file work38.txt (compact mmCIF, N, CA and C atoms)
# COMPACT_ATOMS: atom_id res chain seq x y z
N MET A 1307 28.53 -17.28 10.84
CA MET A 1307 27.22 -17.88 10.89
C MET A 1307 26.26 -16.88 11.51
N GLN A 1308 25.04 -16.83 11.00
CA GLN A 1308 24.01 -15.95 11.54
C GLN A 1308 22.73 -16.73 11.76
N LEU A 1309 21.97 -16.30 12.74
CA LEU A 1309 20.67 -16.88 13.01
C LEU A 1309 19.63 -15.80 12.74
N CYS A 1310 18.64 -16.11 11.92
CA CYS A 1310 17.62 -15.13 11.56
C CYS A 1310 16.24 -15.80 11.62
N PRO A 1311 15.40 -15.38 12.54
CA PRO A 1311 14.04 -15.92 12.56
C PRO A 1311 13.32 -15.61 11.24
N HIS A 1312 12.56 -16.58 10.75
CA HIS A 1312 11.78 -16.42 9.51
C HIS A 1312 10.33 -16.73 9.84
N LEU A 1313 9.51 -15.71 9.82
CA LEU A 1313 8.11 -15.84 10.19
C LEU A 1313 7.26 -16.09 8.95
N THR A 1314 6.23 -16.91 9.09
CA THR A 1314 5.32 -17.14 7.98
C THR A 1314 3.95 -16.57 8.31
N PHE A 1315 3.29 -16.10 7.25
CA PHE A 1315 1.99 -15.46 7.38
C PHE A 1315 1.02 -16.06 6.36
N SER A 1316 -0.24 -15.87 6.61
CA SER A 1316 -1.28 -16.39 5.72
C SER A 1316 -1.83 -15.29 4.82
N GLY A 1317 -0.94 -14.43 4.33
CA GLY A 1317 -1.36 -13.38 3.43
C GLY A 1317 -1.18 -11.97 3.98
N GLN A 1318 -0.71 -11.82 5.21
CA GLN A 1318 -0.55 -10.49 5.82
C GLN A 1318 0.89 -10.08 6.04
N CYS A 1319 1.84 -10.71 5.35
CA CYS A 1319 3.26 -10.41 5.59
C CYS A 1319 3.57 -8.93 5.37
N GLU A 1320 3.12 -8.36 4.28
CA GLU A 1320 3.43 -6.95 4.01
C GLU A 1320 2.86 -6.05 5.11
N THR A 1321 1.61 -6.28 5.48
CA THR A 1321 0.97 -5.48 6.52
C THR A 1321 1.71 -5.64 7.85
N ALA A 1322 2.08 -6.89 8.17
CA ALA A 1322 2.79 -7.16 9.42
C ALA A 1322 4.15 -6.47 9.44
N PHE A 1323 4.90 -6.57 8.37
CA PHE A 1323 6.24 -5.98 8.35
C PHE A 1323 6.19 -4.46 8.36
N ARG A 1324 5.19 -3.88 7.75
CA ARG A 1324 5.06 -2.41 7.82
C ARG A 1324 4.68 -2.00 9.25
N PHE A 1325 3.85 -2.81 9.91
CA PHE A 1325 3.50 -2.58 11.31
C PHE A 1325 4.74 -2.69 12.20
N TYR A 1326 5.55 -3.74 12.00
CA TYR A 1326 6.77 -3.92 12.79
C TYR A 1326 7.76 -2.79 12.54
N GLU A 1327 7.84 -2.34 11.30
CA GLU A 1327 8.75 -1.23 10.98
C GLU A 1327 8.37 0.00 11.80
N ARG A 1328 7.09 0.33 11.82
CA ARG A 1328 6.62 1.51 12.58
C ARG A 1328 6.72 1.27 14.09
N SER A 1329 6.27 0.13 14.55
CA SER A 1329 6.14 -0.14 15.98
C SER A 1329 7.47 -0.38 16.68
N LEU A 1330 8.41 -0.99 15.96
CA LEU A 1330 9.67 -1.37 16.59
C LEU A 1330 10.82 -0.45 16.21
N GLY A 1331 10.56 0.50 15.32
CA GLY A 1331 11.63 1.36 14.85
C GLY A 1331 12.60 0.60 13.96
N ALA A 1332 12.09 -0.40 13.26
CA ALA A 1332 12.92 -1.22 12.37
C ALA A 1332 12.95 -0.60 10.98
N LYS A 1333 13.72 -1.22 10.09
CA LYS A 1333 13.81 -0.74 8.71
C LYS A 1333 13.62 -1.93 7.78
N ILE A 1334 12.63 -1.83 6.89
CA ILE A 1334 12.42 -2.89 5.90
C ILE A 1334 13.56 -2.82 4.88
N ASP A 1335 14.23 -3.94 4.70
CA ASP A 1335 15.34 -4.02 3.76
C ASP A 1335 14.87 -4.51 2.40
N SER A 1336 13.95 -5.46 2.40
CA SER A 1336 13.45 -6.00 1.14
C SER A 1336 12.02 -6.47 1.32
N MET A 1337 11.29 -6.41 0.20
CA MET A 1337 9.90 -6.87 0.19
C MET A 1337 9.61 -7.27 -1.27
N LEU A 1338 9.60 -8.57 -1.53
CA LEU A 1338 9.42 -9.08 -2.88
C LEU A 1338 8.13 -9.86 -2.97
N SER A 1339 7.28 -9.48 -3.91
CA SER A 1339 6.02 -10.20 -4.09
C SER A 1339 6.23 -11.42 -4.98
N TYR A 1340 5.33 -12.38 -4.87
CA TYR A 1340 5.38 -13.55 -5.75
C TYR A 1340 5.30 -13.11 -7.21
N GLY A 1341 4.46 -12.11 -7.50
CA GLY A 1341 4.27 -11.65 -8.86
C GLY A 1341 5.51 -11.04 -9.48
N ASN A 1342 6.41 -10.52 -8.66
CA ASN A 1342 7.66 -9.94 -9.16
C ASN A 1342 8.84 -10.89 -9.01
N SER A 1343 8.54 -12.17 -8.86
CA SER A 1343 9.59 -13.17 -8.69
C SER A 1343 9.41 -14.28 -9.74
N PRO A 1344 10.42 -15.13 -9.88
CA PRO A 1344 10.28 -16.26 -10.79
C PRO A 1344 9.18 -17.25 -10.38
N MET A 1345 8.65 -17.10 -9.16
CA MET A 1345 7.60 -18.01 -8.67
C MET A 1345 6.20 -17.61 -9.14
N ALA A 1346 6.07 -16.48 -9.82
CA ALA A 1346 4.75 -15.99 -10.23
C ALA A 1346 3.89 -17.06 -10.90
N PRO A 1347 4.41 -17.85 -11.85
CA PRO A 1347 3.56 -18.85 -12.51
C PRO A 1347 3.12 -20.00 -11.59
N GLN A 1348 3.80 -20.15 -10.45
CA GLN A 1348 3.52 -21.27 -9.56
C GLN A 1348 2.47 -20.98 -8.49
N VAL A 1349 1.98 -19.73 -8.44
CA VAL A 1349 0.98 -19.38 -7.44
C VAL A 1349 -0.28 -18.89 -8.14
N PRO A 1350 -1.43 -19.02 -7.48
CA PRO A 1350 -2.67 -18.51 -8.08
C PRO A 1350 -2.55 -17.01 -8.37
N SER A 1351 -3.22 -16.54 -9.40
CA SER A 1351 -3.12 -15.13 -9.79
C SER A 1351 -3.50 -14.20 -8.64
N GLY A 1352 -4.45 -14.57 -7.80
CA GLY A 1352 -4.85 -13.76 -6.66
C GLY A 1352 -3.81 -13.71 -5.55
N TRP A 1353 -2.80 -14.51 -5.64
CA TRP A 1353 -1.76 -14.59 -4.62
C TRP A 1353 -0.49 -13.85 -5.03
N ARG A 1354 -0.43 -13.34 -6.24
CA ARG A 1354 0.80 -12.75 -6.77
C ARG A 1354 1.20 -11.45 -6.09
N ASP A 1355 0.28 -10.79 -5.41
CA ASP A 1355 0.65 -9.57 -4.68
C ASP A 1355 1.13 -9.90 -3.26
N LYS A 1356 1.06 -11.16 -2.87
CA LYS A 1356 1.55 -11.58 -1.55
C LYS A 1356 3.07 -11.67 -1.57
N ILE A 1357 3.68 -11.75 -0.40
CA ILE A 1357 5.13 -11.62 -0.25
C ILE A 1357 5.83 -12.99 -0.22
N VAL A 1358 6.77 -13.16 -1.13
CA VAL A 1358 7.59 -14.38 -1.14
C VAL A 1358 8.80 -14.22 -0.22
N HIS A 1359 9.27 -12.99 -0.05
CA HIS A 1359 10.38 -12.75 0.89
C HIS A 1359 10.37 -11.29 1.34
N ALA A 1360 10.50 -11.12 2.66
CA ALA A 1360 10.66 -9.80 3.25
C ALA A 1360 11.72 -9.91 4.32
N SER A 1361 12.44 -8.81 4.53
CA SER A 1361 13.37 -8.77 5.64
C SER A 1361 13.39 -7.36 6.20
N LEU A 1362 13.59 -7.30 7.51
CA LEU A 1362 13.75 -6.00 8.15
C LEU A 1362 14.88 -6.10 9.15
N THR A 1363 15.48 -4.95 9.40
CA THR A 1363 16.59 -4.86 10.33
C THR A 1363 16.13 -4.11 11.57
N LEU A 1364 16.46 -4.68 12.71
CA LEU A 1364 16.17 -4.07 14.00
C LEU A 1364 17.49 -4.10 14.78
N GLY A 1365 18.09 -2.93 14.93
CA GLY A 1365 19.43 -2.90 15.51
C GLY A 1365 20.38 -3.60 14.56
N ASP A 1366 21.09 -4.61 15.07
CA ASP A 1366 21.99 -5.38 14.22
C ASP A 1366 21.42 -6.76 13.88
N LYS A 1367 20.13 -6.94 14.09
CA LYS A 1367 19.47 -8.22 13.84
C LYS A 1367 18.52 -8.12 12.65
N THR A 1368 18.29 -9.26 12.02
CA THR A 1368 17.39 -9.33 10.87
C THR A 1368 16.23 -10.26 11.20
N LEU A 1369 15.05 -9.87 10.76
CA LEU A 1369 13.85 -10.68 10.86
C LEU A 1369 13.33 -10.86 9.44
N ALA A 1370 13.07 -12.10 9.05
CA ALA A 1370 12.58 -12.38 7.70
C ALA A 1370 11.15 -12.89 7.78
N GLY A 1371 10.45 -12.81 6.67
CA GLY A 1371 9.08 -13.29 6.64
C GLY A 1371 8.60 -13.55 5.23
N ALA A 1372 7.50 -14.28 5.13
CA ALA A 1372 6.90 -14.60 3.84
C ALA A 1372 5.46 -15.03 4.05
N ASP A 1373 4.67 -14.86 3.00
CA ASP A 1373 3.33 -15.43 2.97
C ASP A 1373 3.44 -16.83 2.38
N VAL A 1374 2.77 -17.77 2.98
CA VAL A 1374 2.71 -19.12 2.42
C VAL A 1374 1.28 -19.38 1.97
N LEU A 1375 1.16 -20.22 0.98
CA LEU A 1375 -0.17 -20.53 0.44
C LEU A 1375 -1.08 -21.06 1.55
N PRO A 1376 -2.36 -20.74 1.47
CA PRO A 1376 -3.28 -21.14 2.55
C PRO A 1376 -3.20 -22.62 2.92
N GLU A 1377 -3.04 -23.49 1.94
CA GLU A 1377 -2.99 -24.93 2.25
C GLU A 1377 -1.67 -25.33 2.91
N GLN A 1378 -0.67 -24.45 2.90
CA GLN A 1378 0.62 -24.74 3.53
C GLN A 1378 0.79 -24.01 4.86
N TYR A 1379 -0.06 -23.04 5.13
CA TYR A 1379 0.10 -22.22 6.33
C TYR A 1379 -0.27 -23.01 7.58
N GLU A 1380 0.57 -22.87 8.61
CA GLU A 1380 0.29 -23.39 9.94
C GLU A 1380 0.49 -22.26 10.92
N LYS A 1381 -0.46 -22.11 11.83
CA LYS A 1381 -0.36 -21.07 12.85
C LYS A 1381 0.92 -21.29 13.66
N PRO A 1382 1.70 -20.22 13.90
CA PRO A 1382 2.96 -20.36 14.65
C PRO A 1382 2.71 -20.97 16.03
N GLN A 1383 3.60 -21.89 16.41
CA GLN A 1383 3.52 -22.48 17.74
C GLN A 1383 4.87 -23.06 18.11
N GLY A 1384 5.10 -23.17 19.39
CA GLY A 1384 6.33 -23.77 19.87
C GLY A 1384 7.53 -22.83 19.94
N PHE A 1385 7.30 -21.52 19.77
CA PHE A 1385 8.38 -20.55 19.87
C PHE A 1385 7.81 -19.18 20.21
N TYR A 1386 8.68 -18.28 20.62
CA TYR A 1386 8.37 -16.86 20.80
C TYR A 1386 9.50 -16.07 20.17
N VAL A 1387 9.19 -14.92 19.63
CA VAL A 1387 10.22 -13.97 19.23
C VAL A 1387 10.51 -13.15 20.49
N LEU A 1388 11.72 -13.28 21.02
CA LEU A 1388 12.11 -12.57 22.23
C LEU A 1388 12.78 -11.26 21.84
N LEU A 1389 12.19 -10.17 22.29
CA LEU A 1389 12.71 -8.84 21.98
C LEU A 1389 13.19 -8.20 23.27
N GLY A 1390 14.49 -7.96 23.36
CA GLY A 1390 15.07 -7.28 24.51
C GLY A 1390 15.13 -5.79 24.25
N VAL A 1391 14.56 -5.03 25.16
CA VAL A 1391 14.51 -3.57 25.02
C VAL A 1391 15.28 -2.99 26.20
N ALA A 1392 16.05 -1.93 25.93
CA ALA A 1392 16.97 -1.40 26.94
C ALA A 1392 16.29 -0.82 28.18
N ASP A 1393 15.14 -0.16 28.00
CA ASP A 1393 14.54 0.48 29.17
C ASP A 1393 13.09 0.04 29.36
N PRO A 1394 12.61 0.07 30.61
CA PRO A 1394 11.26 -0.39 30.91
C PRO A 1394 10.16 0.40 30.19
N VAL A 1395 10.33 1.69 30.04
CA VAL A 1395 9.30 2.51 29.38
C VAL A 1395 9.17 2.11 27.91
N GLY A 1396 10.30 1.97 27.23
CA GLY A 1396 10.29 1.56 25.84
C GLY A 1396 9.76 0.15 25.67
N ALA A 1397 10.14 -0.74 26.57
CA ALA A 1397 9.67 -2.12 26.51
C ALA A 1397 8.15 -2.18 26.68
N GLU A 1398 7.64 -1.44 27.64
CA GLU A 1398 6.19 -1.45 27.87
C GLU A 1398 5.44 -0.83 26.70
N ARG A 1399 5.98 0.23 26.11
CA ARG A 1399 5.34 0.85 24.95
C ARG A 1399 5.25 -0.15 23.79
N ILE A 1400 6.35 -0.85 23.51
CA ILE A 1400 6.36 -1.84 22.43
C ILE A 1400 5.39 -2.97 22.75
N PHE A 1401 5.37 -3.42 23.99
CA PHE A 1401 4.45 -4.49 24.39
C PHE A 1401 3.01 -4.10 24.07
N HIS A 1402 2.61 -2.90 24.49
CA HIS A 1402 1.22 -2.48 24.27
C HIS A 1402 0.92 -2.24 22.79
N THR A 1403 1.91 -1.81 22.03
CA THR A 1403 1.72 -1.65 20.60
C THR A 1403 1.48 -3.00 19.94
N LEU A 1404 2.27 -4.00 20.29
CA LEU A 1404 2.09 -5.34 19.73
C LEU A 1404 0.79 -5.98 20.21
N ALA A 1405 0.34 -5.61 21.40
CA ALA A 1405 -0.87 -6.19 21.97
C ALA A 1405 -2.16 -5.67 21.32
N LYS A 1406 -2.06 -4.52 20.64
CA LYS A 1406 -3.26 -3.95 20.01
C LYS A 1406 -3.82 -4.95 19.00
N ASP A 1407 -5.06 -5.34 19.19
CA ASP A 1407 -5.75 -6.33 18.36
C ASP A 1407 -5.13 -7.72 18.47
N GLY A 1408 -4.29 -7.93 19.49
CA GLY A 1408 -3.69 -9.24 19.73
C GLY A 1408 -4.23 -9.83 21.02
N VAL A 1409 -3.49 -10.79 21.57
CA VAL A 1409 -3.90 -11.47 22.80
C VAL A 1409 -2.75 -11.43 23.80
N ILE A 1410 -2.99 -10.82 24.95
CA ILE A 1410 -1.98 -10.77 26.00
C ILE A 1410 -2.00 -12.10 26.75
N GLN A 1411 -0.85 -12.78 26.78
CA GLN A 1411 -0.75 -14.04 27.51
C GLN A 1411 -0.19 -13.84 28.91
N MET A 1412 0.65 -12.81 29.05
CA MET A 1412 1.16 -12.42 30.37
C MET A 1412 1.32 -10.91 30.34
N PRO A 1413 0.61 -10.21 31.21
CA PRO A 1413 0.72 -8.74 31.22
C PRO A 1413 2.16 -8.29 31.46
N PHE A 1414 2.49 -7.13 30.94
CA PHE A 1414 3.82 -6.56 31.14
C PHE A 1414 3.96 -6.21 32.61
N GLN A 1415 5.00 -6.75 33.26
CA GLN A 1415 5.17 -6.55 34.69
C GLN A 1415 6.60 -6.83 35.10
N LYS A 1416 6.92 -6.40 36.31
CA LYS A 1416 8.22 -6.69 36.89
C LYS A 1416 8.25 -8.18 37.26
N THR A 1417 9.38 -8.82 37.00
CA THR A 1417 9.56 -10.22 37.37
C THR A 1417 10.86 -10.35 38.16
N PHE A 1418 11.15 -11.53 38.63
CA PHE A 1418 12.39 -11.71 39.38
C PHE A 1418 13.63 -11.61 38.48
N TRP A 1419 13.46 -11.73 37.16
CA TRP A 1419 14.61 -11.65 36.25
C TRP A 1419 14.66 -10.36 35.43
N SER A 1420 13.60 -9.56 35.51
CA SER A 1420 13.54 -8.37 34.66
C SER A 1420 12.67 -7.29 35.29
N PRO A 1421 13.03 -6.03 35.11
CA PRO A 1421 12.17 -4.95 35.60
C PRO A 1421 10.89 -4.80 34.77
N GLY A 1422 10.82 -5.51 33.64
CA GLY A 1422 9.61 -5.50 32.82
C GLY A 1422 9.62 -6.62 31.81
N PHE A 1423 8.57 -7.45 31.82
CA PHE A 1423 8.48 -8.60 30.93
C PHE A 1423 7.01 -8.87 30.65
N GLY A 1424 6.69 -9.20 29.41
CA GLY A 1424 5.32 -9.57 29.06
C GLY A 1424 5.30 -10.46 27.83
N VAL A 1425 4.21 -11.19 27.66
CA VAL A 1425 4.04 -12.11 26.54
C VAL A 1425 2.75 -11.78 25.82
N VAL A 1426 2.84 -11.67 24.50
CA VAL A 1426 1.69 -11.31 23.69
C VAL A 1426 1.74 -12.04 22.35
N VAL A 1427 0.58 -12.39 21.84
CA VAL A 1427 0.46 -12.88 20.46
C VAL A 1427 -0.16 -11.74 19.69
N ASP A 1428 0.57 -11.23 18.70
CA ASP A 1428 0.09 -10.03 18.01
C ASP A 1428 -1.06 -10.34 17.04
N GLN A 1429 -1.57 -9.32 16.41
CA GLN A 1429 -2.72 -9.45 15.52
C GLN A 1429 -2.43 -10.33 14.30
N PHE A 1430 -1.16 -10.68 14.07
CA PHE A 1430 -0.79 -11.52 12.94
C PHE A 1430 -0.47 -12.95 13.38
N ALA A 1431 -0.80 -13.27 14.63
CA ALA A 1431 -0.60 -14.59 15.24
C ALA A 1431 0.86 -14.90 15.56
N ILE A 1432 1.70 -13.88 15.64
CA ILE A 1432 3.11 -14.08 15.99
C ILE A 1432 3.27 -13.90 17.50
N PRO A 1433 3.84 -14.91 18.18
CA PRO A 1433 4.04 -14.83 19.63
C PRO A 1433 5.33 -14.08 19.97
N TRP A 1434 5.20 -13.12 20.86
CA TRP A 1434 6.33 -12.28 21.28
C TRP A 1434 6.51 -12.34 22.79
N GLU A 1435 7.77 -12.29 23.22
CA GLU A 1435 8.12 -12.03 24.61
C GLU A 1435 8.90 -10.72 24.59
N ILE A 1436 8.42 -9.74 25.33
CA ILE A 1436 9.08 -8.44 25.41
C ILE A 1436 9.73 -8.36 26.78
N SER A 1437 11.03 -8.13 26.79
CA SER A 1437 11.78 -8.13 28.03
C SER A 1437 12.63 -6.89 28.14
N CYS A 1438 12.57 -6.26 29.29
CA CYS A 1438 13.44 -5.13 29.56
C CYS A 1438 14.77 -5.69 30.01
N GLU A 1439 15.84 -5.22 29.37
CA GLU A 1439 17.16 -5.76 29.65
C GLU A 1439 17.76 -5.24 30.94
N GLN A 1440 17.34 -4.03 31.35
CA GLN A 1440 17.91 -3.46 32.56
C GLN A 1440 16.95 -2.44 33.16
N ALA A 1441 17.17 -2.15 34.41
CA ALA A 1441 16.36 -1.13 35.07
C ALA A 1441 16.78 0.25 34.56
N SER A 1442 15.84 1.16 34.52
CA SER A 1442 16.17 2.54 34.14
C SER A 1442 17.04 3.17 35.22
N SER A 1443 17.73 4.25 34.89
CA SER A 1443 18.59 4.91 35.88
C SER A 1443 17.77 5.45 37.04
N VAL A 1444 16.54 5.90 36.79
CA VAL A 1444 15.65 6.37 37.85
C VAL A 1444 15.31 5.21 38.79
N GLN A 1445 14.97 4.04 38.20
CA GLN A 1445 14.62 2.88 39.00
C GLN A 1445 15.82 2.40 39.81
N LYS A 1446 17.02 2.37 39.19
CA LYS A 1446 18.22 1.95 39.90
C LYS A 1446 18.50 2.88 41.08
N SER A 1447 18.35 4.18 40.84
CA SER A 1447 18.60 5.16 41.89
C SER A 1447 17.65 4.95 43.06
N ALA A 1448 16.38 4.74 42.78
CA ALA A 1448 15.38 4.52 43.82
C ALA A 1448 15.66 3.24 44.59
N GLU A 1449 16.08 2.17 43.87
CA GLU A 1449 16.35 0.90 44.54
C GLU A 1449 17.59 1.01 45.43
N GLN A 1450 18.56 1.80 45.04
CA GLN A 1450 19.77 1.97 45.85
C GLN A 1450 19.48 2.71 47.13
N LYS A 1451 18.46 3.56 47.15
CA LYS A 1451 18.12 4.35 48.33
C LYS A 1451 17.28 3.55 49.33
N GLU A 1452 16.66 2.44 48.86
CA GLU A 1452 15.83 1.63 49.75
C GLU A 1452 16.72 0.94 50.78
N PRO A 1453 16.24 0.86 52.05
CA PRO A 1453 17.05 0.21 53.11
C PRO A 1453 17.13 -1.28 52.91
call {"tool": "encode", "arguments": {"input": "work38.txt", "output": "structure tokens"}}
result
Amino acid sequence: MQLCPHLTFSGQCETAFRFYERSLGAKIDSMLSYGNSPMAPQVPSGWRDKIVHASLTLGDKTLAGADVLPEQYEKPQGFYVLLGVADPVGAERIFHTLAKDGVIQMPFQKTFWSPGFGVVVDQFAIPWEISCEQASSVQKSAEQKEP
């Protein structure tokens, strides 16, 4: 059994997935437009270049997405995509990349559970939590020397 988040967009799926590919170091596995699918006759002609299915791989995980027709689109709510990053520098870099043209809900900062955590809604209205999974070796070394 596998769990794969499936994000919906209001016409920006291709742009979003290309942004995620660059920003997260992911790899797009598939990107199928409505016009190149059996669904072409069921969507308006102006919608045929939009994405009926996309998937990308990040590490050993998959993220899927699609554009939904404007009358079916609902802004994402009630969830966050939680991305665990191994080191604080990488986590903060990804946080600020996702925050560009987005909305920061919680600045990236040290918390009681993580050396770096932040919450952002990106420019595509997708809510993210970026969490550093562990302290860097430099940070661990400094903390061990503290009295």
call {"tool": "residues_near_point", "arguments": {"input": "work38.txt", "point": "(11.9, -9.3, 21.6)", "cutoff": "7 Å", "atoms": "all atoms listed in the file", "output": "mmCIF file with N, CA and C atoms, in the frame of the given file"}}
result
data_model
loop_
_atom_site.group_PDB
_atom_site.id
_atom_site.type_symbol
_atom_site.label_atom_id
_atom_site.label_comp_id
_atom_site.auth_asym_id
_atom_site.auth_seq_id
_atom_site.Cartn_x
_atom_site.Cartn_y
_atom_site.Cartn_z
ATOM 1 N N VAL A 1387 9.190 -14.920 19.630
ATOM 2 C CA VAL A 1387 10.220 -13.970 19.230
ATOM 3 C C VAL A 1387 10.510 -13.150 20.490
ATOM 4 N N LEU A 1388 11.720 -13.280 21.020
ATOM 5 C CA LEU A 1388 12.110 -12.570 22.230
ATOM 6 C C LEU A 1388 12.780 -11.260 21.840
ATOM 7 N N LEU A 1389 12.190 -10.170 22.290
ATOM 8 C CA LEU A 1389 12.710 -8.840 21.980
ATOM 9 C C LEU A 1389 13.190 -8.200 23.270
ATOM 10 N N GLY A 1390 14.490 -7.960 23.360
ATOM 11 C CA GLY A 1390 15.070 -7.280 24.510
ATOM 12 C C GLY A 1390 15.130 -5.790 24.250
ATOM 13 N N VAL A 1391 14.560 -5.030 25.160
ATOM 14 C CA VAL A 1391 14.510 -3.570 25.020
ATOM 15 C C VAL A 1391 15.280 -2.990 26.200
ATOM 16 N N TRP A 1434 5.200 -13.120 20.860
ATOM 17 C CA TRP A 1434 6.330 -12.280 21.280
ATOM 18 C C TRP A 1434 6.510 -12.340 22.790
ATOM 19 N N GLU A 1435 7.770 -12.290 23.220
ATOM 20 C CA GLU A 1435 8.120 -12.030 24.610
ATOM 21 C C GLU A 1435 8.900 -10.720 24.590
ATOM 22 N N ILE A 1436 8.420 -9.740 25.330
ATOM 23 C CA ILE A 1436 9.080 -8.440 25.410
ATOM 24 C C ILE A 1436 9.730 -8.360 26.780
ATOM 25 N N SER A 1437 11.030 -8.130 26.790
ATOM 26 C CA SER A 1437 11.780 -8.130 28.030
ATOM 27 C C SER A 1437 12.630 -6.890 28.140
#
call {"tool": "residues_around", "arguments": {"input": "work38.txt", "residues": "stretch 1330-1341 of chain A", "least_positions_apart": "6", "cutoff": "10 Å", "atoms": "only C-alpha atoms", "output": "MDAnalysis selection string"}}
result
chainID A and resid 1319:1320 1323:1324 1347:1365 1367:1373 1389 1391 1396:1397 1399:1401 1403:1404
call {"tool": "atom_distance", "arguments": {"input": "work38.txt", "atom1": "atom N of A:Asp1366", "atom2": "atom CA of A:Gly1384"}}
result
24.7 Å
call {"tool": "closest_residue", "arguments": {"input": "work38.txt", "among": "A:Tyr1379, A:Phe1418, A:Phe1385, A:Phe1423", "to": "A:Phe1315", "atoms": "all atoms listed in the file"}}
result
A:Tyr1379
call {"tool": "residues_around", "arguments": {"input": "work38.txt", "residues": "A:Ser1420", "least_positions_apart": "3", "cutoff": "7 Å", "atoms": "all atoms listed in the file", "output": "PyMOL selection string"}}
result
chain A and resi 1415-1417+1423+1437-1441
call {"tool": "select_by_dssp", "arguments": {"input": "work38.txt", "residues": "chain A", "states": "strand (DSSP E)", "output": "NGL selection string"}}
result
:A and (1312-1315 or 1333-1339 or 1357-1364 or 1367-1373 or 1387-1391 or 1409-1415 or 1423-1427 or 1433-1438)
call {"tool": "atom_distance", "arguments": {"input": "work38.txt", "atom1": "atom N of A:Leu1375", "atom2": "atom C of A:Met1307"}}
result
27.4 Å
call {"tool": "decode", "arguments": {"input": "work38.txt", "residues": "stretch 1318-1338 of chain A", "atoms": "C-alpha atoms", "output": "PDB file, in the first residue's frame"}}
result
ATOM      1  CA  GLN A1318      -1.268  26.103 -12.998  1.00  0.00           C
ATOM      2  CA  CYS A1319      -0.372  22.432 -12.450  1.00  0.00           C
ATOM      3  CA  GLU A1320       2.354  22.345 -15.105  1.00  0.00           C
ATOM      4  CA  THR A1321       3.924  25.587 -13.861  1.00  0.00           C
ATOM      5  CA  ALA A1322       3.710  24.401 -10.244  1.00  0.00           C
ATOM      6  CA  PHE A1323       5.261  21.006 -10.937  1.00  0.00           C
ATOM      7  CA  ARG A1324       8.103  22.505 -12.952  1.00  0.00           C
ATOM      8  CA  PHE A1325       8.687  24.922 -10.042  1.00  0.00           C
ATOM      9  CA  TYR A1326       8.674  22.016  -7.537  1.00  0.00           C
ATOM     10  CA  GLU A1327      11.043  20.039  -9.751  1.00  0.00           C
ATOM     11  CA  ARG A1328      13.575  22.901  -9.725  1.00  0.00           C
ATOM     12  CA  SER A1329      13.016  24.041  -6.138  1.00  0.00           C
ATOM     13  CA  LEU A1330      12.898  20.674  -4.411  1.00  0.00           C
ATOM     14  CA  GLY A1331      15.318  18.734  -6.585  1.00  0.00           C
ATOM     15  CA  ALA A1332      12.463  16.457  -7.635  1.00  0.00           C
ATOM     16  CA  LYS A1333      11.961  14.672 -10.957  1.00  0.00           C
ATOM     17  CA  ILE A1334       8.777  14.909 -13.014  1.00  0.00           C
ATOM     18  CA  ASP A1335       7.749  11.386 -13.954  1.00  0.00           C
ATOM     19  CA  SER A1336       4.657  12.171 -16.005  1.00  0.00           C
ATOM     20  CA  MET A1337       2.729  15.164 -17.284  1.00  0.00           C
ATOM     21  CA  LEU A1338      -0.380  14.447 -19.366  1.00  0.00           C
TER      22      LEU A1338
END
